[in-house]
Amino acid sequence: MGLTESNGSAGPKRNGSSLPDPKSTKEAIRSINQPQSHEHNFSSLKESLGGTDGLLKLLCCDPFKGIPSSSVDERRSMYGPNSLPASPRQSFFQLFVDTFDDATVQILLVAAIVSLAVGIYEDPATGYVEGLAILVANLIVSVVTAVNDYQKETQFRELSDANDNVDVKIVRDGNTVQMTMEDVVVGDLIQVEAGDAIPCDGVLVRSDGLEVDESALTGEPIDVEKNSSLQNGDDPFVLSGCVAAAGSGTFVCIATGRESQWGKIKEHLEKEQDQTPLQEKLDRMAELIGYVGMAAAALTFIAMMIIKIVVKPEYLQDISVFGYALDAFIIGVTIVVVAVPEGLPLAVTISLAYSTKKMLADKNLIRHLAACETMGNATNICSDKTGTLTENRMTVVKGTFANVSFDDMTEQSGTTIMDSKVSNCAREIILQGIATCSTAKIQKDHEADTDDEEEDINGMPVIKDKRPHIIGNKTEGALLLLGQSDFFGNDNFELRREKAQFGAMGGSRLFPFSSTKKSMSVFVKQEIENDKPLTRLQTKQANNNQSWTLYHKGAAESVIKECSSYLDADGSVQTMTEEKREKFNEIIRHYASLALRCIALSHRDHINEILDPTTANIDTCKNKAEKGMVLDAVFGIIDPLRTDVVNAVQVCQKAGIMVRMVTGDNIDTARAIAKEAGILSPDGISMEGQDFRKLTPAQLDKILPSLQVLARSSPEDKHILVQRLNGGLMPKTEEEWCEAHPGMDFKSQKDLLLPGYYEEWAKFRNGVGEVVGVTGDGTNDGPALKAADVGLSMGISGTDVAKNASDIIIMDDNFSSIVKAVRWGRSVFDNIRKFLQFQLTVNVVALTITFLSAVAGYKPPLNAVMMLWVNLIMDTMGALALGTEPPTDQLLDRQPYRRDSGLISKPMWRNILVQASYQLGLLTFLLMNGPHMFGCKDGSTHHFTIIFNAFVFCQIFNEFNAREIGDVFDPFRNLSQSPMFLFIIFFTIVAQWIIVEFGGDFTQTHSLTFEEWKITAMLGSMSIPFGYIMRLIPVEEDPESFAGVEWKEKQTLKKKSQNSILGPLMIPILVAGFYKVYELNI
């Protein structure tokens, strides 16, 4: 089979190319890649192409070395890139048109058209102005909304692209390299293991117990067994979009991108973002406020018509009833437009789009928008240990090999000590187990070999990581590095694997690591001294004459239980007495107390005497072969705690979040790491999975508040823990319970078996559970990630199954990145509340002043165009300004909010009512006394422009107040970190100046003097001192709103420390402002 690039003579070549003609090759490939046509594809592969060998020859691919890197670009141009077609997106024009689907906007447009027609009829010279102004103002709002929607869609597509681009293992030039899915080309050899996504369509070259979940394509939930032997009934085809569920395999890529099965399906797919819970909650609130606005509009219209028809004031004598009714109708519709807070959903969209983009820079890839806001109120984080709390840089530092213990594996003279204490025979057995019982690979960083120094953008030298890069499991990689080290005599594990012939017909068998068993096994056969490929008959005969050896590696205490002997230093096998077993267990406990991960290696000879190694499955291996083994070695592996973990855990605990470690490690190791990280407190509880499973629901509920470490846990344990914490996926009916516990009696055992049932769970919690974030990296972590409120998968060590089941991907596997996710989540929630506080203030003032002026017999001081401009400030501009506020560390100084807490808190209502009262008082004062103060005619355009200007400046300065929703007064805090906020404030002031000074008849405004600008701006700025005064009113957050009880004390201390800086300055400023108004009014 040793094919190379040169013998690709299966078809005609293109001029100047070493590859066959792409047209005929594509036709041949399509003949074996027809959707849902297994029999046809199998027949074409076997008969038309000559099986796997013929396919490899056609694609010029060596079955072991892959393709040359030099042919990659040519293959990509011939067969296409491995990028899936993006779902069609709406154009900007389509988004713009969609903004007119809103019923309120349509009513306003009709009103504008009627106003335009009537105005032109009554006054052809200038009558068109008001109707045209309303149309233009409405057009501006629609354009801004469409721009925001377009930018949001662009950001989501960028995030989706990052999410889809996963890493795969490719064999090229004889080397296994880790690349992104987009780097795959037709002819590549791809290696997959359990949990890996299939990046393209392919045909298996080698496989060992490979099973693939094809439910994404077929909808069938049963895993499909794959086999490379091409016997009748075998299925050698793997398809993109599917996931390897078990086993391992190597396949040759036959179709990428659009040509793949998943690519063809995705061309017809269009993925839409679902609304988040917060968006849905705000939509309901917006609907309620809209009803209030419509009621106010109707009352205003009725009041204005009564004034016209019944009161008949002098200033309305020259206006017809129809014309005034039209004006009243337009004012009423405008009130509805202002009242309906369509900016609420927009604020959520902007805040989420902004946050998800920024979170990506913080190594958090958001897959589901709801997770962004939910993570902010997480009360529990159930974290893995390896790679999340620790660096996942495994190093063997202690070990016991063939009954000889070594306390320092890093000694330079280690190889001399090993030679003198352990025989070559014993060492050979250990090295064979290390090399073959592993799927990890070591890739040397070629750049590290160069002496050229690189510099960063600041001119500082870049420190290169010269350590070998481990592809695959980091624990296995640590053992391989030990075998390659001087300590073990620089062993060549790749040569040992090559001789074992994994995946070849009659070759060695591999059963990959299982997170359930915490172990893996291989069946290794002695090397067959034959250069020619063997037929199946010859292979069977050879198997009868040769010996097979089991090598087994896993959690040390579990492996020792199944060992009846141990390997001695001279290579002999000694009986494992109970005394000796206890000695090995003492070694394991000693290693674990030093926070070392304990792994044991064992073997068993002549397993072919108890089973058929060529047909045995993983269950047969466990039940028959993994018994009575010989203990070869115990490894003590250090995985240092990440430097920032201790601080990150403290921050979480300070923020009211319970951090729990859920790990598969030995309980002693888990305790040591948990204590070092600050997770395990003196009164905290740690337990093993086997004890956890025996608890009743009531017993578990008692220890849950103190359960901080769950060791030797299975994925099912993690799933049950999450269910019990948040009630997610809890059985709600007797049928669901019986499905989860087959063969059990519901009535007698419902209160005895975990996870319990929903009615019992909700009884003591009022139906409100914890908000749980769960980290996971393995295929079997999928159920727990799904059950969690927020599933957090690991971007580096996580399998594709885990990533697909998660809501957030932690790109750097770092616990501190999870803390950043909490910080951003709280920022999103608080930013929406800031905007809500700001918008409701404007709503109350605009509706009340318009209604009161109409009832009092005044022409409404804010006309339709003015109110539309206020609406733009309040909705789109306010959403941009307050929805993009960056997070602060102070967000983590409070407890998380409960699931059922309201959006508007008591302090927020206080702030809204105080600001609205000031603004209403100011506008009423200006309505009554403005002509006297500024020397203008009562009810004139000049008079109403002053009111309008003061009102807008009140909103501008109140936006500073709205930056804090609690009792802390610091409106100018960290403004340099909020460029969007500053830009919106600047833009609003400039636009207001243009509207007032140059609007004229179009906006019905009058040019103001510099003194009038100064006074109205000063009156608006009084919102800032009132922001200080209102926070002195003692209104506390409801303690029941929080998942903790310590928040009030922390916040009170914070309030006192921050209010003392700016607070004393507000009183004299307020007094000076009122004195200035008094002077003007004399």
# chains A, B, ... in the order shown; residues from 1 in each chain; ligands from 1
call {"tool": "select_by_dssp", "arguments": {"residues": "region 194-224 of chain A", "states": "strand (DSSP E)", "output": "ChimeraX atom specification"}}
result
/A:201-213,224
call {"tool": "residues_around", "arguments": {"residues": "Asn364 (chain A)", "least_positions_apart": "6", "cutoff": "8 Å", "atoms": "only C-alpha atoms", "output": "PyMOL selection string"}}
result
chain A and resi 356+808-811+817-818+821
call {"tool": "closest_residue", "arguments": {"among": "A:Ser1007, A:Asn911, A:Thr643, A:Thr99", "to": "Val1035 (chain A)", "atoms": "only C-alpha atoms"}}
result
A:Asn911
call {"tool": "closest_atom_pairs", "arguments": {"of": "region 835-895 of chain A", "to": "region 321-327 of chain A", "cutoff": "12 Å", "atoms": "only C-alpha atoms", "output": "Markdown table"}}
result
| residue | atom | partner | partner_atom | distance |
| --- | --- | --- | --- | --- |
| A:Ala854 | CA | A:Asp327 | CA | 11.8 |
| A:Lys859 | CA | A:Asp327 | CA | 10.1 |
| A:Pro860 | CA | A:Asp327 | CA | 10.0 |
| A:Asn863 | CA | A:Asp327 | CA | 9.2 |
| A:Ala864 | CA | A:Asp327 | CA | 9.0 |
call {"tool": "write_last_selection", "arguments": {"atoms": "N, CA and C atoms", "output": "PDB file, in the first residue's frame"}}
result
ATOM      1  N   ALA A 854     -52.285  70.511  26.958  1.00  0.00           N
ATOM      2  CA  ALA A 854     -53.531  70.420  26.195  1.00  0.00           C
ATOM      3  C   ALA A 854     -54.734  70.692  27.087  1.00  0.00           C
ATOM      4  N   LYS A 859     -51.311  75.421  23.473  1.00  0.00           N
ATOM      5  CA  LYS A 859     -50.853  74.617  22.345  1.00  0.00           C
ATOM      6  C   LYS A 859     -49.696  73.755  22.850  1.00  0.00           C
ATOM      7  N   PRO A 860     -49.669  72.451  22.524  1.00  0.00           N
ATOM      8  CA  PRO A 860     -48.580  71.597  23.030  1.00  0.00           C
ATOM      9  C   PRO A 860     -47.215  72.193  22.712  1.00  0.00           C
ATOM     10  N   ASN A 863     -43.903  70.038  19.454  1.00  0.00           N
ATOM     11  CA  ASN A 863     -44.633  69.596  18.271  1.00  0.00           C
ATOM     12  C   ASN A 863     -44.156  68.210  17.826  1.00  0.00           C
ATOM     13  N   ALA A 864     -44.742  67.714  16.744  1.00  0.00           N
ATOM     14  CA  ALA A 864     -44.463  66.342  16.308  1.00  0.00           C
ATOM     15  C   ALA A 864     -42.988  66.138  15.981  1.00  0.00           C
TER      16      ALA A 864
END
call {"tool": "closest_residue", "arguments": {"among": "A:Glu557, A:Thr386, A:Glu287, A:Ser355", "to": "Thr884 (chain A)", "atoms": "only C-alpha atoms"}}
result
A:Ser355
call {"tool": "closest_residue", "arguments": {"among": "A:Asn974, A:Cys382, A:Asn949, A:His552", "to": "Asp781 (chain A)", "atoms": "only C-alpha atoms"}}
result
A:Cys382
call {"tool": "atom_distance", "arguments": {"atom1": "CA of Ala117 (chain A)", "atom2": "CA of Phe948 (chain A)"}}
result
26.8 Å
call {"tool": "residues_around", "arguments": {"residues": "Glu676 (chain A)", "least_positions_apart": "4", "cutoff": "10 Å", "atoms": "only C-alpha atoms", "output": "ChimeraX atom specification"}}
result
/A:595,641,645-646,670-672,680
call {"tool": "residues_around", "arguments": {"residues": "region 751-759 of chain A", "least_positions_apart": "6", "cutoff": "10 Å", "atoms": "only C-alpha atoms", "output": "ChimeraX atom specification"}}
result
/A:692-700,717,719-725,727-734,736-737,740-741,744,767
call {"tool": "atom_distance", "arguments": {"atom1": "CA of Thr615 (chain A)", "atom2": "CA of Asn473 (chain A)"}}
result
26.3 Å
call {"tool": "closest_residue", "arguments": {"among": "A:Ser48, A:Leu852, A:Arg765, A:Glu27", "to": "Ala296 (chain A)", "atoms": "only C-alpha atoms"}}
result
A:Leu852
call {"tool": "closest_residue", "arguments": {"among": "A:Lys675, A:Arg497, A:Lys474, A:Arg581", "to": "Val522 (chain A)", "atoms": "only C-alpha atoms"}}
result
A:Arg497
call {"tool": "closest_atom_pairs", "arguments": {"of": "region 45-111 of chain A", "to": "region 228-242 of chain A", "cutoff": "9 Å", "atoms": "only C-alpha atoms", "output": "tab-separated table"}}
result
residue	atom	partner	partner_atom	distance
A:Lys46	CA	A:Leu230	CA	7.5
A:Gly51	CA	A:Leu230	CA	7.5
A:Thr52	CA	A:Leu230	CA	8.3
call {"tool": "write_last_selection", "arguments": {"atoms": "N, CA and C atoms", "output": "JSON list (two decimals), in the first residue's frame"}}
result
[["chain", "number", "residue", "atom", "x", "y", "z"],
["A", 46, "LYS", "N", -16.00, 0.01, -4.28],
["A", 46, "LYS", "CA", -15.34, -1.29, -4.34],
["A", 46, "LYS", "C", -15.09, -1.76, -5.78],
["A", 51, "GLY", "N", -11.70, -0.12, -4.52],
["A", 51, "GLY", "CA", -11.59, -0.04, -3.08],
["A", 51, "GLY", "C", -10.81, 1.16, -2.59],
["A", 52, "THR", "N", -10.41, 1.10, -1.33],
["A", 52, "THR", "CA", -9.70, 2.22, -0.72],
["A", 52, "THR", "C", -8.37, 2.48, -1.40]]
call {"tool": "closest_residue", "arguments": {"among": "A:Gly554, A:Gly636, A:Pro313, A:Pro979", "to": "Met409 (chain A)", "atoms": "only C-alpha atoms"}}
result
A:Gly636
call {"tool": "residues_around", "arguments": {"residues": "Ala950 (chain A)", "least_positions_apart": "6", "cutoff": "10 Å", "atoms": "only C-alpha atoms", "output": "list in words"}}
result
Gln919, Leu922, Leu923, Leu926, Phe944, Ile956, Glu1012, Trp1013, Lys1014, Ile1015, Thr1016, Ala1017, Met1018, Leu1019, Gly1020 and Ser1021 of chain A
call {"tool": "atom_distance", "arguments": {"atom1": "CA of Phe96 (chain A)", "atom2": "CA of Phe998 (chain A)"}}
result
27.5 Å
call {"tool": "select_by_dssp", "arguments": {"residues": "region 985-1021 of chain A", "states": "alpha helix (DSSP H)", "output": "NGL selection string"}}
result
:A and (985-998 or 1010-1021)
call {"tool": "residues_around", "arguments": {"residues": "region 895-898 of chain A", "least_positions_apart": "5", "cutoff": "12 Å", "atoms": "only C-alpha atoms", "output": "PyMOL selection string"}}
result
chain A and resi 373-380+651-658+726+765+767-772+822-823+825-827+829-830+890+903+905+1037-1051
call {"tool": "residues_around", "arguments": {"residues": "Arg206 (chain A)", "least_positions_apart": "6", "cutoff": "7 Å", "atoms": "only C-alpha atoms", "output": "CSV table (one decimal) with C-alpha atoms, in the first residue's frame"}}
result
chain,number,residue,atom,x,y,z
A,228,SER,CA,-12.6,0.3,6.8
A,249,GLY,CA,-10.1,6.3,12.7
A,250,THR,CA,-8.2,7.8,9.8
A,251,PHE,CA,-10.0,8.7,6.6
A,503,GLY,CA,-6.0,0.2,12.4
A,504,ALA,CA,-4.4,-2.1,9.8
call {"tool": "decode", "arguments": {"residues": "region 720-753 of chain A", "atoms": "N, CA, C and O atoms", "output": "PDB file, in the first residue's frame"}}
result
ATOM      1  N   ILE A 720     -26.440  15.078  37.369  1.00  0.00           N
ATOM      2  CA  ILE A 720     -27.365  15.036  38.508  1.00  0.00           C
ATOM      3  C   ILE A 720     -27.169  16.251  39.403  1.00  0.00           C
ATOM      4  O   ILE A 720     -28.141  16.854  39.881  1.00  0.00           O
ATOM      5  N   LEU A 721     -25.928  16.627  39.647  1.00  0.00           N
ATOM      6  CA  LEU A 721     -25.644  17.799  40.486  1.00  0.00           C
ATOM      7  C   LEU A 721     -26.281  19.053  39.898  1.00  0.00           C
ATOM      8  O   LEU A 721     -26.915  19.840  40.619  1.00  0.00           O
ATOM      9  N   VAL A 722     -26.141  19.230  38.600  1.00  0.00           N
ATOM     10  CA  VAL A 722     -26.721  20.407  37.943  1.00  0.00           C
ATOM     11  C   VAL A 722     -28.246  20.368  38.017  1.00  0.00           C
ATOM     12  O   VAL A 722     -28.889  21.382  38.318  1.00  0.00           O
ATOM     13  N   GLN A 723     -28.824  19.197  37.757  1.00  0.00           N
ATOM     14  CA  GLN A 723     -30.278  19.071  37.835  1.00  0.00           C
ATOM     15  C   GLN A 723     -30.802  19.452  39.215  1.00  0.00           C
ATOM     16  O   GLN A 723     -31.826  20.135  39.341  1.00  0.00           O
ATOM     17  N   ARG A 724     -30.097  19.003  40.244  1.00  0.00           N
ATOM     18  CA  ARG A 724     -30.557  19.262  41.608  1.00  0.00           C
ATOM     19  C   ARG A 724     -30.406  20.739  41.967  1.00  0.00           C
ATOM     20  O   ARG A 724     -31.163  21.270  42.794  1.00  0.00           O
ATOM     21  N   LEU A 725     -29.448  21.409  41.375  1.00  0.00           N
ATOM     22  CA  LEU A 725     -29.221  22.824  41.687  1.00  0.00           C
ATOM     23  C   LEU A 725     -30.237  23.728  41.003  1.00  0.00           C
ATOM     24  O   LEU A 725     -30.786  24.636  41.622  1.00  0.00           O
ATOM     25  N   ASN A 726     -30.490  23.494  39.710  1.00  0.00           N
ATOM     26  CA  ASN A 726     -31.337  24.444  38.970  1.00  0.00           C
ATOM     27  C   ASN A 726     -32.685  23.880  38.533  1.00  0.00           C
ATOM     28  O   ASN A 726     -33.510  24.606  37.988  1.00  0.00           O
ATOM     29  N   GLY A 727     -32.904  22.588  38.764  1.00  0.00           N
ATOM     30  CA  GLY A 727     -34.175  22.000  38.351  1.00  0.00           C
ATOM     31  C   GLY A 727     -34.279  21.762  36.867  1.00  0.00           C
ATOM     32  O   GLY A 727     -35.337  21.377  36.358  1.00  0.00           O
ATOM     33  N   GLY A 728     -33.185  22.003  36.130  1.00  0.00           N
ATOM     34  CA  GLY A 728     -33.205  21.821  34.688  1.00  0.00           C
ATOM     35  C   GLY A 728     -33.346  20.359  34.311  1.00  0.00           C
ATOM     36  O   GLY A 728     -32.672  19.494  34.879  1.00  0.00           O
ATOM     37  N   LEU A 729     -34.235  20.068  33.378  1.00  0.00           N
ATOM     38  CA  LEU A 729     -34.455  18.709  32.869  1.00  0.00           C
ATOM     39  C   LEU A 729     -34.853  17.735  33.978  1.00  0.00           C
ATOM     40  O   LEU A 729     -34.660  16.532  33.855  1.00  0.00           O
ATOM     41  N   MET A 730     -35.387  18.254  35.074  1.00  0.00           N
ATOM     42  CA  MET A 730     -35.859  17.401  36.171  1.00  0.00           C
ATOM     43  C   MET A 730     -37.124  16.668  35.739  1.00  0.00           C
ATOM     44  O   MET A 730     -38.014  17.276  35.139  1.00  0.00           O
ATOM     45  N   PRO A 731     -37.231  15.360  35.996  1.00  0.00           N
ATOM     46  CA  PRO A 731     -38.453  14.628  35.628  1.00  0.00           C
ATOM     47  C   PRO A 731     -39.682  15.277  36.249  1.00  0.00           C
ATOM     48  O   PRO A 731     -39.732  15.501  37.460  1.00  0.00           O
ATOM     49  N   LYS A 732     -40.686  15.581  35.424  1.00  0.00           N
ATOM     50  CA  LYS A 732     -41.888  16.262  35.913  1.00  0.00           C
ATOM     51  C   LYS A 732     -43.095  15.345  36.011  1.00  0.00           C
ATOM     52  O   LYS A 732     -44.071  15.677  36.669  1.00  0.00           O
ATOM     53  N   THR A 733     -43.038  14.221  35.320  1.00  0.00           N
ATOM     54  CA  THR A 733     -44.152  13.285  35.355  1.00  0.00           C
ATOM     55  C   THR A 733     -43.650  11.902  35.746  1.00  0.00           C
ATOM     56  O   THR A 733     -42.442  11.630  35.724  1.00  0.00           O
ATOM     57  N   GLU A 734     -44.585  11.040  36.080  1.00  0.00           N
ATOM     58  CA  GLU A 734     -44.227   9.667  36.434  1.00  0.00           C
ATOM     59  C   GLU A 734     -43.576   8.969  35.250  1.00  0.00           C
ATOM     60  O   GLU A 734     -42.612   8.211  35.414  1.00  0.00           O
ATOM     61  N   GLU A 735     -44.059   9.263  34.023  1.00  0.00           N
ATOM     62  CA  GLU A 735     -43.488   8.641  32.829  1.00  0.00           C
ATOM     63  C   GLU A 735     -42.033   9.058  32.636  1.00  0.00           C
ATOM     64  O   GLU A 735     -41.173   8.227  32.319  1.00  0.00           O
ATOM     65  N   GLU A 736     -41.749  10.352  32.838  1.00  0.00           N
ATOM     66  CA  GLU A 736     -40.377  10.837  32.682  1.00  0.00           C
ATOM     67  C   GLU A 736     -39.457  10.228  33.732  1.00  0.00           C
ATOM     68  O   GLU A 736     -38.309   9.890  33.454  1.00  0.00           O
ATOM     69  N   TRP A 737     -39.973  10.084  34.956  1.00  0.00           N
ATOM     70  CA  TRP A 737     -39.167   9.496  36.028  1.00  0.00           C
ATOM     71  C   TRP A 737     -38.854   8.035  35.716  1.00  0.00           C
ATOM     72  O   TRP A 737     -37.721   7.576  35.886  1.00  0.00           O
ATOM     73  N   CYS A 738     -39.849   7.296  35.269  1.00  0.00           N
ATOM     74  CA  CYS A 738     -39.650   5.871  34.940  1.00  0.00           C
ATOM     75  C   CYS A 738     -38.710   5.710  33.757  1.00  0.00           C
ATOM     76  O   CYS A 738     -37.938   4.743  33.696  1.00  0.00           O
ATOM     77  N   GLU A 739     -38.733   6.665  32.833  1.00  0.00           N
ATOM     78  CA  GLU A 739     -37.806   6.617  31.704  1.00  0.00           C
ATOM     79  C   GLU A 739     -36.367   6.828  32.167  1.00  0.00           C
ATOM     80  O   GLU A 739     -35.434   6.213  31.645  1.00  0.00           O
ATOM     81  N   ALA A 740     -36.193   7.676  33.187  1.00  0.00           N
ATOM     82  CA  ALA A 740     -34.855   7.925  33.734  1.00  0.00           C
ATOM     83  C   ALA A 740     -34.388   6.792  34.642  1.00  0.00           C
ATOM     84  O   ALA A 740     -33.186   6.595  34.833  1.00  0.00           O
ATOM     85  N   HIS A 741     -35.331   6.043  35.213  1.00  0.00           N
ATOM     86  CA  HIS A 741     -35.007   4.935  36.138  1.00  0.00           C
ATOM     87  C   HIS A 741     -35.734   3.668  35.688  1.00  0.00           C
ATOM     88  O   HIS A 741     -36.705   3.248  36.331  1.00  0.00           O
ATOM     89  N   PRO A 742     -35.306   3.068  34.593  1.00  0.00           N
ATOM     90  CA  PRO A 742     -36.007   1.889  34.080  1.00  0.00           C
ATOM     91  C   PRO A 742     -36.003   0.746  35.094  1.00  0.00           C
ATOM     92  O   PRO A 742     -34.999   0.472  35.746  1.00  0.00           O
ATOM     93  N   GLY A 743     -37.168   0.109  35.223  1.00  0.00           N
ATOM     94  CA  GLY A 743     -37.283  -1.027  36.129  1.00  0.00           C
ATOM     95  C   GLY A 743     -37.554  -0.662  37.568  1.00  0.00           C
ATOM     96  O   GLY A 743     -37.705  -1.544  38.419  1.00  0.00           O
ATOM     97  N   MET A 744     -37.607   0.654  37.886  1.00  0.00           N
ATOM     98  CA  MET A 744     -37.831   1.093  39.265  1.00  0.00           C
ATOM     99  C   MET A 744     -39.299   1.475  39.474  1.00  0.00           C
ATOM    100  O   MET A 744     -39.988   1.872  38.534  1.00  0.00           O
ATOM    101  N   ASP A 745     -39.747   1.364  40.735  1.00  0.00           N
ATOM    102  CA  ASP A 745     -41.119   1.699  41.076  1.00  0.00           C
ATOM    103  C   ASP A 745     -41.206   3.154  41.518  1.00  0.00           C
ATOM    104  O   ASP A 745     -40.547   3.567  42.485  1.00  0.00           O
ATOM    105  N   PHE A 746     -42.021   3.941  40.821  1.00  0.00           N
ATOM    106  CA  PHE A 746     -42.108   5.373  41.084  1.00  0.00           C
ATOM    107  C   PHE A 746     -42.605   5.675  42.495  1.00  0.00           C
ATOM    108  O   PHE A 746     -42.028   6.488  43.216  1.00  0.00           O
ATOM    109  N   LYS A 747     -43.673   5.028  42.911  1.00  0.00           N
ATOM    110  CA  LYS A 747     -44.305   5.370  44.185  1.00  0.00           C
ATOM    111  C   LYS A 747     -43.405   5.088  45.376  1.00  0.00           C
ATOM    112  O   LYS A 747     -43.344   5.870  46.328  1.00  0.00           O
ATOM    113  N   SER A 748     -42.685   3.982  45.332  1.00  0.00           N
ATOM    114  CA  SER A 748     -41.883   3.600  46.496  1.00  0.00           C
ATOM    115  C   SER A 748     -40.469   4.158  46.474  1.00  0.00           C
ATOM    116  O   SER A 748     -39.821   4.264  47.519  1.00  0.00           O
ATOM    117  N   GLN A 749     -39.981   4.556  45.284  1.00  0.00           N
ATOM    118  CA  GLN A 749     -38.575   4.959  45.187  1.00  0.00           C
ATOM    119  C   GLN A 749     -38.366   6.386  44.674  1.00  0.00           C
ATOM    120  O   GLN A 749     -37.226   6.821  44.523  1.00  0.00           O
ATOM    121  N   LYS A 750     -39.450   7.118  44.449  1.00  0.00           N
ATOM    122  CA  LYS A 750     -39.317   8.465  43.887  1.00  0.00           C
ATOM    123  C   LYS A 750     -38.543   9.417  44.804  1.00  0.00           C
ATOM    124  O   LYS A 750     -37.899  10.354  44.337  1.00  0.00           O
ATOM    125  N   ASP A 751     -38.606   9.181  46.109  1.00  0.00           N
ATOM    126  CA  ASP A 751     -37.900  10.046  47.061  1.00  0.00           C
ATOM    127  C   ASP A 751     -36.543   9.488  47.469  1.00  0.00           C
ATOM    128  O   ASP A 751     -35.886  10.060  48.348  1.00  0.00           O
ATOM    129  N   LEU A 752     -36.146   8.390  46.841  1.00  0.00           N
ATOM    130  CA  LEU A 752     -34.895   7.738  47.231  1.00  0.00           C
ATOM    131  C   LEU A 752     -33.806   7.848  46.178  1.00  0.00           C
ATOM    132  O   LEU A 752     -32.622   7.748  46.503  1.00  0.00           O
ATOM    133  N   LEU A 753     -34.182   8.047  44.931  1.00  0.00           N
ATOM    134  CA  LEU A 753     -33.216   8.027  43.836  1.00  0.00           C
ATOM    135  C   LEU A 753     -32.993   9.425  43.271  1.00  0.00           C
ATOM    136  O   LEU A 753     -33.946  10.193  43.071  1.00  0.00           O
TER     137      LEU A 753
END
